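Chemist: protein-v9.cif (mmCIF, C-alpha atoms) pasted underneath:
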```
data_entry
loop_
_atom_site.group_PDB
_atom_site.id
_atom_site.type_symbol
_atom_site.label_atom_id
_atom_site.label_comp_id
_atom_site.auth_asym_id
_atom_site.auth_seq_id
_atom_site.Cartn_x
_atom_site.Cartn_y
_atom_site.Cartn_z
ATOM 1 C CA THR N 26 0.000 0.000 0.000
ATOM 2 C CA TRP N 27 1.415 3.380 -1.053
ATOM 3 C CA ASN N 28 0.103 6.739 0.155
ATOM 4 C CA ALA N 29 0.920 8.584 -3.065
ATOM 5 C CA ALA N 30 -0.587 11.857 -1.836
ATOM 6 C CA GLU N 31 -2.677 13.170 1.033
ATOM 7 C CA LYS N 32 -5.899 12.061 -0.663
ATOM 8 C CA LEU N 33 -4.587 9.291 -2.949
ATOM 9 C CA THR N 34 -3.774 5.716 -1.918
ATOM 10 C CA VAL N 35 -2.538 3.012 -4.283
ATOM 11 C CA GLU N 36 -2.744 -0.683 -3.392
ATOM 12 C CA SER N 37 -1.210 -3.438 -5.486
ATOM 13 C CA GLY N 38 -0.504 -7.129 -5.214
ATOM 14 C CA LEU N 39 1.093 -9.968 -7.136
ATOM 15 C CA ARG N 40 0.241 -13.630 -6.790
ATOM 16 C CA GLY N 41 1.728 -16.660 -8.515
ATOM 17 C CA ASP N 42 -0.055 -20.017 -8.673
ATOM 18 C CA TYR N 43 1.269 -23.337 -9.954
ATOM 19 C CA GLN N 44 -1.297 -25.993 -10.864
ATOM 20 C CA ASN N 45 0.087 -29.449 -11.634
ATOM 21 C CA GLU N 46 -2.061 -29.972 -14.754
ATOM 22 C CA TYR N 47 -2.389 -26.460 -16.190
ATOM 23 C CA GLY N 48 0.881 -24.765 -15.307
ATOM 24 C CA PHE N 49 1.856 -21.435 -13.760
ATOM 25 C CA PHE N 50 -0.303 -18.313 -13.496
ATOM 26 C CA VAL N 51 0.863 -14.784 -12.676
ATOM 27 C CA LEU N 52 -1.970 -12.722 -11.178
ATOM 28 C CA PRO N 53 -1.319 -8.996 -10.660
ATOM 29 C CA ARG N 54 -3.900 -6.587 -9.260
ATOM 30 C CA ILE N 55 -3.920 -2.847 -8.576
ATOM 31 C CA SER N 56 -6.365 -0.258 -7.257
ATOM 32 C CA ALA N 57 -6.252 3.464 -6.547
ATOM 33 C CA LEU N 58 -8.461 5.260 -4.006
ATOM 34 C CA LEU N 59 -9.011 9.020 -4.175
ATOM 35 C CA LYS N 60 -10.690 10.633 -1.159
ATOM 36 C CA VAL N 61 -12.085 13.812 -2.681
ATOM 37 C CA ASN N 62 -13.522 14.994 0.638
ATOM 38 C CA PRO N 63 -14.900 13.361 3.824
ATOM 39 C CA LYS N 64 -18.153 12.544 1.985
ATOM 40 C CA LEU N 65 -16.939 11.467 -1.480
ATOM 41 C CA SER N 66 -14.371 8.906 -2.618
ATOM 42 C CA LEU N 67 -13.502 7.347 -6.002
ATOM 43 C CA ARG N 68 -11.787 4.035 -6.666
ATOM 44 C CA LEU N 69 -10.357 2.445 -9.829
ATOM 45 C CA GLY N 70 -9.057 -1.114 -9.904
ATOM 46 C CA GLY N 71 -8.283 -4.148 -12.005
ATOM 47 C CA GLY N 72 -6.555 -7.512 -12.112
ATOM 48 C CA LEU N 73 -6.202 -10.966 -13.632
ATOM 49 C CA GLY N 74 -7.664 -14.300 -12.555
ATOM 50 C CA TYR N 75 -8.012 -17.923 -13.604
ATOM 51 C CA LYS N 76 -10.086 -21.045 -13.012
ATOM 52 C CA THR N 77 -9.017 -24.605 -13.718
ATOM 53 C CA PRO N 78 -11.572 -26.761 -15.603
ATOM 54 C CA THR N 79 -13.877 -28.879 -13.458
ATOM 55 C CA VAL N 80 -16.962 -31.035 -14.043
ATOM 56 C CA PHE N 81 -18.733 -29.209 -11.211
ATOM 57 C CA THR N 82 -20.539 -26.571 -13.286
ATOM 58 C CA GLU N 83 -24.148 -25.371 -13.271
ATOM 59 C CA ASP N 84 -24.850 -27.069 -16.609
ATOM 60 C CA ALA N 85 -23.535 -30.440 -15.405
ATOM 61 C CA GLU N 86 -25.355 -30.141 -12.081
ATOM 62 C CA ARG N 87 -28.607 -29.366 -13.883
ATOM 63 C CA ILE N 88 -28.525 -32.844 -15.487
ATOM 64 C CA GLN N 89 -27.206 -34.375 -12.223
ATOM 65 C CA PHE N 90 -23.832 -35.166 -13.873
ATOM 66 C CA ARG N 91 -25.512 -38.013 -15.751
ATOM 67 C CA ASN N 92 -23.541 -39.143 -18.834
ATOM 68 C CA VAL N 93 -21.077 -36.243 -18.475
ATOM 69 C CA LEU N 94 -17.635 -37.263 -19.749
ATOM 70 C CA PRO N 95 -14.510 -36.339 -17.718
ATOM 71 C CA VAL N 96 -12.590 -33.189 -18.659
ATOM 72 C CA ASP N 97 -9.942 -33.951 -21.312
ATOM 73 C CA VAL N 98 -6.962 -32.344 -19.581
ATOM 74 C CA GLU N 99 -4.613 -32.807 -22.551
ATOM 75 C CA ASN N 100 -6.838 -30.731 -24.842
ATOM 76 C CA THR N 101 -8.174 -28.202 -22.333
ATOM 77 C CA LYS N 102 -6.790 -24.895 -21.076
ATOM 78 C CA ALA N 103 -7.556 -23.063 -17.848
ATOM 79 C CA GLU N 104 -10.072 -20.247 -18.087
ATOM 80 C CA GLN N 105 -8.317 -16.882 -17.668
ATOM 81 C CA SER N 106 -9.957 -13.567 -16.869
ATOM 82 C CA ALA N 107 -9.146 -9.872 -16.871
ATOM 83 C CA GLY N 108 -11.343 -7.361 -15.104
ATOM 84 C CA ALA N 109 -11.574 -3.675 -14.267
ATOM 85 C CA ASN N 110 -13.943 -1.637 -12.113
ATOM 86 C CA PHE N 111 -14.616 1.951 -11.100
ATOM 87 C CA ASP N 112 -16.769 2.939 -8.162
ATOM 88 C CA LEU N 113 -18.002 6.078 -6.447
ATOM 89 C CA ASN N 114 -18.903 6.251 -2.761
ATOM 90 C CA TYR N 115 -20.872 9.090 -1.204
ATOM 91 C CA ARG N 116 -22.163 9.394 2.349
ATOM 92 C CA THR N 117 -23.781 12.217 4.267
ATOM 93 C CA ARG N 118 -26.020 12.950 7.234
ATOM 94 C CA PHE N 119 -29.206 15.002 6.943
ATOM 95 C CA SER N 120 -29.613 15.194 10.713
ATOM 96 C CA GLU N 121 -28.426 13.461 13.861
ATOM 97 C CA GLU N 122 -30.928 10.654 13.258
ATOM 98 C CA MET N 123 -30.956 10.463 9.449
ATOM 99 C CA GLY N 124 -28.066 9.322 7.244
ATOM 100 C CA PHE N 125 -27.632 8.412 3.581
ATOM 101 C CA SER N 126 -24.951 6.589 1.580
ATOM 102 C CA ILE N 127 -24.698 5.379 -2.015
ATOM 103 C CA ASN N 128 -22.186 3.284 -3.940
ATOM 104 C CA THR N 129 -22.142 3.122 -7.749
ATOM 105 C CA LEU N 130 -19.907 0.560 -9.445
ATOM 106 C CA VAL N 131 -19.105 0.152 -13.159
ATOM 107 C CA PHE N 132 -17.393 -3.112 -14.086
ATOM 108 C CA TYR N 133 -16.064 -5.123 -17.025
ATOM 109 C CA THR N 134 -14.748 -8.705 -17.103
ATOM 110 C CA ARG N 135 -13.513 -10.834 -19.997
ATOM 111 C CA VAL N 136 -13.049 -14.619 -19.750
ATOM 112 C CA GLU N 137 -10.833 -16.409 -22.272
ATOM 113 C CA ASN N 138 -11.025 -20.176 -22.956
ATOM 114 C CA PRO N 139 -14.529 -20.562 -21.461
ATOM 115 C CA LEU N 140 -15.589 -24.138 -20.720
ATOM 116 C CA THR N 141 -18.981 -25.204 -22.125
ATOM 117 C CA LEU N 142 -20.938 -28.445 -21.886
ATOM 118 C CA ALA N 143 -22.168 -29.750 -25.231
ATOM 119 C CA PRO N 144 -23.901 -32.981 -26.359
ATOM 120 C CA VAL N 145 -21.595 -35.235 -28.418
ATOM 121 C CA SER N 146 -24.244 -37.908 -29.037
ATOM 122 C CA SER N 147 -27.771 -38.723 -27.996
ATOM 123 C CA ASP N 148 -26.397 -40.116 -24.717
ATOM 124 C CA PHE N 149 -23.256 -38.228 -23.705
ATOM 125 C CA TYR N 150 -22.140 -34.678 -22.903
ATOM 126 C CA GLU N 151 -18.602 -33.335 -23.257
ATOM 127 C CA PHE N 152 -16.797 -30.235 -22.002
ATOM 128 C CA GLN N 153 -15.512 -28.130 -24.884
ATOM 129 C CA GLN N 154 -13.745 -24.805 -25.332
ATOM 130 C CA PRO N 155 -15.132 -23.011 -28.397
ATOM 131 C CA ASP N 156 -13.074 -20.383 -30.194
ATOM 132 C CA GLY N 157 -14.064 -17.154 -28.454
ATOM 133 C CA PHE N 158 -14.656 -15.491 -25.092
ATOM 134 C CA ILE N 159 -17.327 -14.364 -22.630
ATOM 135 C CA ASP N 160 -17.530 -10.793 -21.376
ATOM 136 C CA THR N 161 -19.594 -8.992 -18.766
ATOM 137 C CA LYS N 162 -20.191 -5.279 -18.515
ATOM 138 C CA GLY N 163 -22.514 -3.651 -16.084
ATOM 139 C CA VAL N 164 -23.431 -1.230 -13.342
ATOM 140 C CA GLU N 165 -24.310 -1.856 -9.718
ATOM 141 C CA MET N 166 -25.861 0.709 -7.375
ATOM 142 C CA ASN N 167 -26.445 0.279 -3.647
ATOM 143 C CA ALA N 168 -28.122 2.923 -1.476
ATOM 144 C CA LYS N 169 -28.705 2.962 2.281
ATOM 145 C CA LEU N 170 -31.025 5.310 4.153
ATOM 146 C CA THR N 171 -31.171 5.255 7.951
ATOM 147 C CA TYR N 172 -33.577 6.997 10.293
ATOM 148 C CA ALA N 173 -33.604 6.281 14.033
ATOM 149 C CA GLY N 174 -34.033 2.471 14.226
ATOM 150 C CA PHE N 175 -35.027 2.064 10.553
ATOM 151 C CA LYS N 176 -32.664 1.063 7.730
ATOM 152 C CA LEU N 177 -33.642 0.906 4.065
ATOM 153 C CA PHE N 178 -31.316 -0.810 1.558
ATOM 154 C CA ILE N 179 -31.963 -0.553 -2.179
ATOM 155 C CA GLY N 180 -29.723 -2.315 -4.683
ATOM 156 C CA TYR N 181 -29.869 -2.526 -8.482
ATOM 157 C CA THR N 182 -27.592 -4.496 -10.826
ATOM 158 C CA PHE N 183 -27.447 -4.314 -14.609
ATOM 159 C CA ALA N 184 -25.288 -7.064 -16.150
ATOM 160 C CA ASP N 185 -24.891 -7.525 -19.884
ATOM 161 C CA VAL N 186 -23.238 -10.949 -20.230
ATOM 162 C CA ARG N 187 -22.504 -12.132 -23.772
ATOM 163 C CA GLN N 188 -20.726 -15.068 -25.359
ATOM 164 C CA HIS N 189 -18.651 -14.399 -28.476
ATOM 165 C CA TYR N 190 -18.080 -17.626 -30.412
ATOM 166 C CA SER N 191 -16.971 -18.064 -34.040
ATOM 167 C CA GLY N 192 -17.572 -14.428 -34.924
ATOM 168 C CA SER N 193 -21.124 -14.216 -33.513
ATOM 169 C CA SER N 194 -22.329 -12.665 -30.258
ATOM 170 C CA THR N 195 -25.281 -14.019 -28.238
ATOM 171 C CA THR N 196 -26.735 -13.513 -24.770
ATOM 172 C CA PHE N 197 -25.249 -15.781 -22.133
ATOM 173 C CA PRO N 198 -27.978 -18.103 -20.751
ATOM 174 C CA LEU N 199 -29.335 -18.200 -17.207
ATOM 175 C CA VAL N 200 -28.270 -14.665 -16.278
ATOM 176 C CA ALA N 201 -30.779 -11.939 -15.400
ATOM 177 C CA LYS N 202 -29.887 -8.645 -17.060
ATOM 178 C CA HIS N 203 -31.713 -6.649 -14.364
ATOM 179 C CA ARG N 204 -31.839 -7.404 -10.650
ATOM 180 C CA LEU N 205 -33.411 -5.354 -7.878
ATOM 181 C CA ASN N 206 -33.174 -6.086 -4.165
ATOM 182 C CA ASN N 207 -34.763 -4.120 -1.335
ATOM 183 C CA VAL N 208 -34.539 -4.602 2.419
ATOM 184 C CA LEU N 209 -36.388 -2.576 5.058
ATOM 185 C CA MET N 210 -35.247 -3.223 8.600
ATOM 186 C CA TYR N 211 -36.177 -2.039 12.061
ATOM 187 C CA GLU N 212 -33.917 -2.631 15.045
ATOM 188 C CA VAL N 213 -34.230 -2.077 18.763
ATOM 189 C CA GLU N 214 -30.608 -2.314 19.839
ATOM 190 C CA GLU N 215 -29.743 -5.676 21.424
ATOM 191 C CA LYS N 216 -33.448 -6.556 21.716
ATOM 192 C CA LEU N 217 -35.266 -6.876 18.403
ATOM 193 C CA LYS N 218 -34.708 -7.009 14.653
ATOM 194 C CA ILE N 219 -37.491 -7.255 12.107
ATOM 195 C CA GLY N 220 -37.111 -6.984 8.332
ATOM 196 C CA LEU N 221 -38.983 -7.093 5.055
ATOM 197 C CA GLU N 222 -37.227 -8.182 1.849
ATOM 198 C CA ALA N 223 -38.314 -7.894 -1.782
ATOM 199 C CA TYR N 224 -36.432 -9.057 -4.906
ATOM 200 C CA TYR N 225 -36.960 -8.833 -8.646
ATOM 201 C CA PHE N 226 -35.099 -10.709 -11.397
ATOM 202 C CA SER N 227 -35.723 -9.976 -15.073
ATOM 203 C CA PRO N 228 -36.393 -12.849 -17.551
ATOM 204 C CA GLN N 229 -33.443 -15.118 -18.316
ATOM 205 C CA LYS N 230 -32.638 -16.951 -21.525
ATOM 206 C CA LEU N 231 -32.622 -20.746 -21.154
ATOM 207 C CA ASN N 232 -29.871 -22.964 -22.582
ATOM 208 C CA ASP N 233 -32.188 -24.134 -25.380
ATOM 209 C CA GLY N 234 -33.119 -20.556 -26.317
#
```
If you convert what's in this file into structure tokens, what do you get?
Modeler:
Amino acid sequence: TWNAAEKLTVESGLRGDYQNEYGFFVLPRISALLKVNPKLSLRLGGGLGYKTPTVFTEDAERIQFRNVLPVDVENTKAEQSAGANFDLNYRTRFSEEMGFSINTLVFYTRVENPLTLAPVSSDFYEFQQPDGFIDTKGVEMNAKLTYAGFKLFIGYTFADVRQHYSGSSTTFPLVAKHRLNNVLMYEVEEKLKIGLEAYYFSPQKLNDG
């Protein structure tokens, strides 16, 4: 961690992983935090990641792993990702009893060598890595309003997840593009907590379209 200036802090890290079947991975990350004033701060960050292939995926679990062939290690690469995000945090107090805070996050992630489950016959499924990538871009907003013993949380996420294979781009299945979550809570300190939750998920595309 480096305090580059009175209001600017830079944090970085470097990790190296060796996996006996897929080799060595170098994983840097970096983020910078700018405290504009006591109420407002900005943060920019990014890094690399990876995931070794496994049969334990949502698609395989959906068919209870029935007739799913093992991963062909010799002809499979690890999934590798690169991501970046920018977020804004603001907090203030309207009075001694009422406070407000909001966080807005913009993010982008790209996954190379994605692993997909595809039928190879009428009976069997096989893990394959099509020529292409998956990327996600979106926005997430979380707001919190407090008054006396009441707390209201409102969160919204927009995620545009697409798969880019063989020159064509399609919507990634089983991901809601819009998600809204709300929680209203009342608390009597150390005595009582009561809450009401409400969620909304937009329609999702199924694997078969």
Chemist: So how many Å separate CA of Met210 (chain N) and CA of Ile179 (chain N), to one decimal?
Modeler: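 CA of Ile179 (chain N) lies 11.6 Å from CA of Met210 (chain N).
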Chemist: Can you tell me which residues surround Ala184 (chain N) at a distance of at most 12 Å, considering all atoms listed in the file, apart from same-chain residues fewer than 5 positions away, and format the answer as a ChimeraX atom specification?
Modeler: /N:130-134,160-166,196-197,199-205,226-227,229
Chemist: Neighbouring residues of region 150-159 of chain N were defined as those with any atom within 6 Å, considering only C-alpha atoms; residues of the same chain fewer than 2 positions away were excluded. Please report them as a PyMOL selection string.
Modeler: chain N and resi 93-94+135-145+187-191
Chemist: Could you check how far CA of Tyr43 (chain N) sits from CA of Gly74 (chain N), in Å to one decimal?
Modeler: 13.0 Å
Chemist: Between CA of Leu33 (chain N) and CA of Leu58 (chain N), what is the distance in Å, rounded to a tenth?
Modeler: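 CA of Leu58 (chain N) lies at a distance of 5.7 Å from CA of Leu33 (chain N).
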Chemist: The PyMOL selection byres ((chain N and resi 176) around 6) - which residues does that actually catch in the file I just gave you? List them as a list of chain:residue names.
Modeler: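 Those residues are N:Leu170, N:Thr171, N:Phe175, N:Leu177, N:Leu209, N:Met210.
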Chemist: If the box runs along x, y and z of the file and leaves 3 Å on each side of region 217-220 of chain N, what are its centre and edge lengths in Å, one decimal, as AutoDock Vina command-line options?
Modeler:
```
--center_x -36.1 --center_y -7.1 --center_z 13.4 --size_x 8.8 --size_y 6.4 --size_z 16.1
```
Chemist: Please build the interface table for region 125-190 of chain N against region 117-121 of chain N with a cut-off of 10 Å, listing for each qualifying residue the nearest atom pair and the distance in Å to one decimal; count only C-alpha atoms, order rows by chain and increasing number, and write it as a tab-separated table.
Modeler:
```
residue	atom	partner	partner_atom	distance
N:Phe125	CA	N:Thr117	CA	5.5
N:Ser126	CA	N:Thr117	CA	6.3
N:Ile127	CA	N:Thr117	CA	9.3
N:Leu170	CA	N:Arg118	CA	9.6
N:Thr171	CA	N:Arg118	CA	9.3
N:Tyr172	CA	N:Glu121	CA	9.0
N:Ala173	CA	N:Glu121	CA	8.9
```
Chemist: Could you check which of N:Tyr115, N:Tyr211, N:Phe178, N:Tyr47 is closest to Asp97 (chain N), using only C-alpha atoms?
Modeler: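 Residue with the minimum atom-to-atom distance to Asp97 (chain N): N:Tyr47.
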Chemist: Apply the PyMOL selection byres ((chain N and resi 83) around 12) to the structure shown and report the selected residues as a list in words.
Modeler: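 Applied to this file, the PyMOL selection byres ((chain N and resi 83) around 12) selects Thr79, Val80, Phe81, Thr82, Asp84, Ala85, Glu86, Arg87, Ile88, Gln89, Phe90, Leu140, Thr141, Leu142, Pro198, Leu199, Val200 and Asn232 of chain N.
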Chemist: Just add all heavy atoms to region 152-163 of chain N and send it as an mmCIF file, in the frame of the given file.
Modeler:
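The result, stored in selection38.cif:
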```
data_model
loop_
_atom_site.group_PDB
_atom_site.id
_atom_site.type_symbol
_atom_site.label_atom_id
_atom_site.label_comp_id
_atom_site.auth_asym_id
_atom_site.auth_seq_id
_atom_site.Cartn_x
_atom_site.Cartn_y
_atom_site.Cartn_z
ATOM 1 N N PHE N 152 -17.244 -31.608 -22.217
ATOM 2 C CA PHE N 152 -16.797 -30.235 -22.002
ATOM 3 C C PHE N 152 -15.916 -29.801 -23.168
ATOM 4 O O PHE N 152 -14.970 -30.499 -23.537
ATOM 5 C CB PHE N 152 -16.031 -30.119 -20.683
ATOM 6 C CG PHE N 152 -16.913 -30.168 -19.478
ATOM 7 C CD1 PHE N 152 -17.045 -31.337 -18.739
ATOM 8 C CD2 PHE N 152 -17.642 -29.047 -19.088
ATOM 9 C CE1 PHE N 152 -17.880 -31.378 -17.628
ATOM 10 C CE2 PHE N 152 -18.464 -29.077 -17.981
ATOM 11 C CZ PHE N 152 -18.592 -30.253 -17.249
ATOM 12 N N GLN N 153 -16.253 -28.647 -23.745
ATOM 13 C CA GLN N 153 -15.512 -28.130 -24.884
ATOM 14 C C GLN N 153 -15.131 -26.673 -24.639
ATOM 15 O O GLN N 153 -15.713 -26.005 -23.775
ATOM 16 C CB GLN N 153 -16.364 -28.239 -26.160
ATOM 17 C CG GLN N 153 -16.779 -29.642 -26.524
ATOM 18 C CD GLN N 153 -17.702 -29.690 -27.734
ATOM 19 O OE1 GLN N 153 -18.157 -28.642 -28.222
ATOM 20 N NE2 GLN N 153 -17.990 -30.875 -28.223
ATOM 21 N N GLN N 154 -14.150 -26.206 -25.396
ATOM 22 C CA GLN N 154 -13.745 -24.805 -25.332
ATOM 23 C C GLN N 154 -13.833 -24.211 -26.735
ATOM 24 O O GLN N 154 -12.898 -24.332 -27.525
ATOM 25 C CB GLN N 154 -12.328 -24.669 -24.762
ATOM 26 C CG GLN N 154 -12.272 -24.927 -23.267
ATOM 27 C CD GLN N 154 -10.898 -24.731 -22.671
ATOM 28 O OE1 GLN N 154 -9.913 -25.239 -23.197
ATOM 29 N NE2 GLN N 154 -10.827 -24.005 -21.567
ATOM 30 N N PRO N 155 -14.973 -23.593 -27.062
ATOM 31 C CA PRO N 155 -15.132 -23.011 -28.397
ATOM 32 C C PRO N 155 -14.186 -21.831 -28.606
ATOM 33 O O PRO N 155 -13.672 -21.247 -27.648
ATOM 34 C CB PRO N 155 -16.592 -22.559 -28.406
ATOM 35 C CG PRO N 155 -16.955 -22.393 -26.971
ATOM 36 C CD PRO N 155 -16.146 -23.390 -26.206
ATOM 37 N N ASP N 156 -13.953 -21.500 -29.850
ATOM 38 C CA ASP N 156 -13.074 -20.383 -30.194
ATOM 39 C C ASP N 156 -13.798 -19.067 -29.882
ATOM 40 O O ASP N 156 -14.711 -18.673 -30.602
ATOM 41 C CB ASP N 156 -12.713 -20.462 -31.681
ATOM 42 C CG ASP N 156 -11.781 -19.334 -32.100
ATOM 43 O OD1 ASP N 156 -11.066 -18.826 -31.228
ATOM 44 O OD2 ASP N 156 -11.802 -18.954 -33.290
ATOM 45 N N GLY N 157 -13.406 -18.407 -28.816
ATOM 46 C CA GLY N 157 -14.064 -17.154 -28.454
ATOM 47 C C GLY N 157 -13.879 -16.812 -26.993
ATOM 48 O O GLY N 157 -12.987 -17.322 -26.314
ATOM 49 N N PHE N 158 -14.764 -15.958 -26.476
ATOM 50 C CA PHE N 158 -14.656 -15.491 -25.092
ATOM 51 C C PHE N 158 -16.032 -15.081 -24.585
ATOM 52 O O PHE N 158 -16.994 -14.958 -25.345
ATOM 53 C CB PHE N 158 -13.675 -14.308 -24.996
ATOM 54 C CG PHE N 158 -14.112 -13.081 -25.764
ATOM 55 C CD1 PHE N 158 -14.848 -12.080 -25.144
ATOM 56 C CD2 PHE N 158 -13.798 -12.941 -27.110
ATOM 57 C CE1 PHE N 158 -15.260 -10.956 -25.846
ATOM 58 C CE2 PHE N 158 -14.192 -11.816 -27.824
ATOM 59 C CZ PHE N 158 -14.918 -10.828 -27.197
ATOM 60 N N ILE N 159 -16.115 -14.870 -23.289
ATOM 61 C CA ILE N 159 -17.327 -14.364 -22.630
ATOM 62 C C ILE N 159 -16.960 -13.052 -21.958
ATOM 63 O O ILE N 159 -15.900 -12.952 -21.323
ATOM 64 C CB ILE N 159 -17.857 -15.365 -21.583
ATOM 65 C CG1 ILE N 159 -18.296 -16.673 -22.247
ATOM 66 C CG2 ILE N 159 -19.023 -14.759 -20.788
ATOM 67 C CD1 ILE N 159 -18.618 -17.775 -21.256
ATOM 68 N N ASP N 160 -17.804 -12.035 -22.100
ATOM 69 C CA ASP N 160 -17.530 -10.793 -21.376
ATOM 70 C C ASP N 160 -18.779 -10.290 -20.664
ATOM 71 O O ASP N 160 -19.903 -10.589 -21.051
ATOM 72 C CB ASP N 160 -16.919 -9.719 -22.276
ATOM 73 C CG ASP N 160 -17.874 -9.203 -23.340
ATOM 74 O OD1 ASP N 160 -18.970 -9.769 -23.483
ATOM 75 O OD2 ASP N 160 -17.517 -8.234 -24.032
ATOM 76 N N THR N 161 -18.532 -9.564 -19.601
ATOM 77 C CA THR N 161 -19.594 -8.992 -18.766
ATOM 78 C C THR N 161 -19.313 -7.518 -18.566
ATOM 79 O O THR N 161 -18.210 -7.148 -18.169
ATOM 80 C CB THR N 161 -19.638 -9.680 -17.392
ATOM 81 O OG1 THR N 161 -19.832 -11.071 -17.553
ATOM 82 C CG2 THR N 161 -20.769 -9.111 -16.540
ATOM 83 N N LYS N 162 -20.307 -6.701 -18.848
ATOM 84 C CA LYS N 162 -20.191 -5.279 -18.515
ATOM 85 C C LYS N 162 -21.474 -4.865 -17.814
ATOM 86 O O LYS N 162 -22.558 -5.336 -18.153
ATOM 87 C CB LYS N 162 -19.924 -4.428 -19.757
ATOM 88 C CG LYS N 162 -20.734 -4.727 -20.979
ATOM 89 C CD LYS N 162 -20.209 -3.930 -22.171
ATOM 90 C CE LYS N 162 -20.983 -4.235 -23.442
ATOM 91 N NZ LYS N 162 -20.673 -5.577 -23.962
ATOM 92 N N GLY N 163 -21.321 -4.003 -16.826
ATOM 93 C CA GLY N 163 -22.514 -3.651 -16.084
ATOM 94 C C GLY N 163 -22.306 -2.543 -15.075
ATOM 95 O O GLY N 163 -21.226 -1.961 -14.941
#
```
